[in-house]
Structures are given as structure tokens and as C-alpha cells.
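Trainee: Starting off with a structure, shown below.
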Amino acid sequence: MPISENENNDATSDPAGDGGTASSSSNGSGGTPPPQQGGYNFQAVKEHMMANKVEAALWGTRVFTVFSAIFFMIPLLGNQMSFYQRSLISSAATSALRLHQRLPNFQLNREFFGLLFMEDSCHYLLFALIFINSHPVTLALIPVFLFALLHATNFTKVILDKLGPNSLQTLRNLITKLELQQRSILRFIACTEIFLMPAIIIMIFTGRSSILLPFVYYRFLTLRYASRRNPYSRQLFYEMRVVVHQLVSKPQCPGFISSLCFKVMDIICKLAPQVAPDAARAQ
């Protein structure tokens with residue numbers, strides 16, 4: 001099941017999910033050498049990665065992001081702030097490389113920057129830059145970690161196929177289970193993106209965030225809301241508005257709470273960006 005809806009998910013709209021990995025995997029090495037000792041064909045893996053250097057580099061940065069995030073969340077070794085920054089730096093490198101693939105011809109004009117900010121990879125490059133020098137926010141690593149994990153699976157499957165048809169079956173099973181939960185994971189990522197905003201506001205009052213951070217992050221949220229490839233932010237905003245509207249409309253809800261919620265919803269609706277018709281249809 002290919003990933004087709006997210007940041008780098010324009011990357012994974014390709015059959016292999018990593019910007020053309022699948023198409024090149026079938027003919028990139030020009031023939032598969034016989035398996036080496038132990039039943040693993042490492043030569044085929046090496047040839048495939050050399051023939052697909054960009055996809056291999058993307059896979060490497062995503063795997064590095066995953067492990068850096070894990071080492072930050074589970075404090076086993078090293079400086080936790082170091083792992084936090086490494087995870088965001090590798091995520092930014094992934095996004096920058098994907099942007100170079102999507103828009104290889106850089107131009108200093110309004111049309112190019114309009115296309116640039118429509119790319120989901122640009123959104124997460126901005127996301128990494130927002131949090132990279134901030135006080136460590138565990139919630140901010142969740143989208144970075146999950147996106148890297150999802151997108152790394154496609155190239156990992158290609159490597160496993162090159163390694164041998166029955167190689168590392170346990171890892172193959174884990175990848176299959178992960179793909180089956182893809183939609184739920186993407187919804188969870190969108191939910192995390194949304195709830196990061198109130199978390200940032202709380203951080204201001206605790207002295208762990210700059211007062212400018214909410215304004216910059218608001219720009220990120222508007223880009224995610226208007227995304228052409230990822231409808232989950234729009235869906236989650238709509239679903240939460242419906243749920244809150246139903247709750248505050250009940251007779252049991254105190255009047256001042258109901259009035260406050262309706263005012264907050266009106267403000268949020270006014271702040272929501274205009275969505276292009278094709279993006280709205282994707283919802």
C-alpha cells in the first residue's frame with residue numbers, strides 16, 4: 001500500500017514511495033547477482049543503492065531521524081538535546097532533498113515561491129527550522145518521527161527484496177503492519193500538528209518559548225491546512241469543530257462555556273486560509 005498523502009508524501013506517491021525508487025529498482029542494477037554466503041545478496045543491495053543515490057540518501061536521512069528521535073524519547077545514552085537537534089536536522093535535510101527533486105530549477109520569482117510553499121516538503125522544512133533551536137518539545141518530534149518511519153518503509157522493502165526474497169521476515173511483517181495502520185498514523189500526525197499550537201502557547205507562560213513562536217507556527221498550520229496532498233489537517237479541524245459544536249449545543253452545557261466556545265470557533269474559522277478547489281475536493 002503506497003503512501004500518497006503527506007509531507008514527503010509527494011515523494012511516496014511514486015510506486016516505491018521514495019521519488020521513483022520502485023521504477024528504478026526493477027532495472028537499476030541490470031540483473032541480480034546470485035546470493036552470497038549466508039543467503040543474503042549484499043552485492044545486489046550495494047548496486048541498487050549506487051544506482052539510486054538520491055533515494056538511498058533519503059532513506060539514510062529518514063532512518064537517522066527515526067533513531068535520533070527514539071534516543072531522545074528513550075534516554076539511554078548521550079545528550080538528549082543533541083539527539084533532539086539531530087532528529088530535526090536530518091528531517092530538514094530530507095525535506096530539502098525532496099524539494100530539490102520536486103523543484104530542481106531554483107528561480108527568484110513569485111511564481112516559483114508560490115510553488116515552493118505548496119510543497120509538503122517545504123512545510124516540514126519550515127517545521128524543523130521552527131523547533132531546531134527551541135526548548136526541546138517532545139510533541140514536535142512525533143510528526144517528524146512518524147513521517148520518517150512511514151517513508152523509510154518503502155525503500156526498506158526494496159532493499160529486503162534485493163537482499164533475498166525471504167530475508168528478515170520479521171522486519172517484513174512489521175512493515176506490513178505499519179502500512180496497514182497508515183491512515184490512522186497520518187490522522188494522528190495531523191492531530192499532533194494541531195495540538196502543538198496550544199502547547200506552544202502554554203510554553204510561553206512557562207518561559208520556555210519565544211512570544212514569536214506561535215505566529216511562525218500559525219503560518220506552518222495554514223500551509224498544512226491548505227495542503228494539496230494531505231487532507232488530514234482539514235479533516236481534523238472540521239471533525240473537531242463538529243464535535244465541539246454538538247457538545248456546547250446541549251442544554252446541560254453552561255451558557256458562558258457555550259458562548260466562549262462559539263467565539264473561539266468563529267476566530268479559528270476566520271484565521272483558516274482559503275483552500276483551492278482541488279485541495280478541497282481532496283478532503
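Letters for chains follow the order of the C-alpha cells (A, B, ...), residue numbers begin at 1 for each chain, and ligand numbers begin at 1 in the order shown.
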Would you list the contacts of Glu239 of chain A as a list in words, taking every protein, DNA or RNA residue within 12 Å and counting only C-alpha atoms, but skipping same-chain residues closer than 5 positions in sequence?
Mentor: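 Neighbouring residues, sequence-local ones excluded: Arg187, Cys191, Tyr232, Ser233, Arg234, Val244, His245, Gln246 and Gln283 of chain A.
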Trainee: What would the file look like if the residues just selected were written as a CSV table (one decimal), in the first residue's frame with N, CA, C and O atoms?
Mentor:
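Below you can see out.csv, which holds the result:
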```
chain,number,residue,atom,x,y,z
A,187,ARG,N,-3.6,10.5,10.4
A,187,ARG,CA,-4.5,11.3,11.2
A,187,ARG,C,-3.9,11.7,12.6
A,187,ARG,O,-4.1,12.8,13.0
A,191,CYS,N,-3.3,15.5,14.0
A,191,CYS,CA,-3.8,15.8,15.3
A,191,CYS,C,-2.7,16.4,16.2
A,191,CYS,O,-2.9,17.4,16.9
A,232,TYR,N,-5.6,15.6,5.8
A,232,TYR,CA,-5.9,15.3,7.2
A,232,TYR,C,-6.1,16.4,8.1
A,232,TYR,O,-6.9,16.4,9.1
A,233,SER,N,-5.3,17.5,7.9
A,233,SER,CA,-5.4,18.7,8.8
A,233,SER,C,-6.8,19.3,8.6
A,233,SER,O,-7.5,19.6,9.6
A,234,ARG,N,-7.2,19.4,7.4
A,234,ARG,CA,-8.6,20.0,7.2
A,234,ARG,C,-9.7,19.1,7.8
A,234,ARG,O,-10.6,19.6,8.4
A,244,VAL,N,-17.2,19.8,18.9
A,244,VAL,CA,-17.3,20.8,19.9
A,244,VAL,C,-18.7,21.5,19.8
A,244,VAL,O,-19.4,21.8,20.8
A,245,HIS,N,-19.2,21.7,18.6
A,245,HIS,CA,-20.5,22.3,18.3
A,245,HIS,C,-21.6,21.5,18.9
A,245,HIS,O,-22.5,22.0,19.6
A,246,GLN,N,-21.5,20.2,18.8
A,246,GLN,CA,-22.5,19.3,19.3
A,246,GLN,C,-22.5,19.3,20.9
A,246,GLN,O,-23.6,19.3,21.5
A,283,GLN,N,-10.4,16.6,0.2
A,283,GLN,CA,-10.9,16.3,1.6
A,283,GLN,C,-12.0,15.3,1.5
A,283,GLN,O,-12.2,14.5,2.4
```
Trainee: Which residues are near Lys162 of chain A? Cut-off 9 Å, only C-alpha atoms, ignore same chain within fewer than 2 positions. Put them as number ranges by chain.
Mentor: A: 25, 32, 40-45, 48, 157-160, 164-165
Trainee: If I take atom CA of Phe262 of chain A and atom CA of Ala190 of chain A, how far is one from the other in Å, to one decimal?
Mentor: 22.7 Å
Trainee: So that I can check the surroundings of Ala57 of chain A, please list as a list in words every protein, DNA and RNA residue that reaches within 12 Å of it, counting only C-alpha atoms and ignoring chain neighbours fewer than 2 positions away.
Mentor: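 Here the qualifying residues turn out to be Asp18, Gly19, Thr21, Met49, Met50, Ala51, Asn52, Lys53, Val54, Glu55, Trp59, Gly60, Thr61, Arg62, Val63, Phe64, Ser90, Ala93, Thr94, Ser95, Ala96, Leu97, Arg98, Ala152 and Phe155 of chain A.
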Trainee: Once DSSP has gone over the backbone, tell me which residues of segment 123-272 of chain A are in helix (DSSP H, G or I), as an MDAnalysis selection string.
Mentor: chainID A and resid 123:131 138:163 169:180 182:205 213:225 232:248 255:271
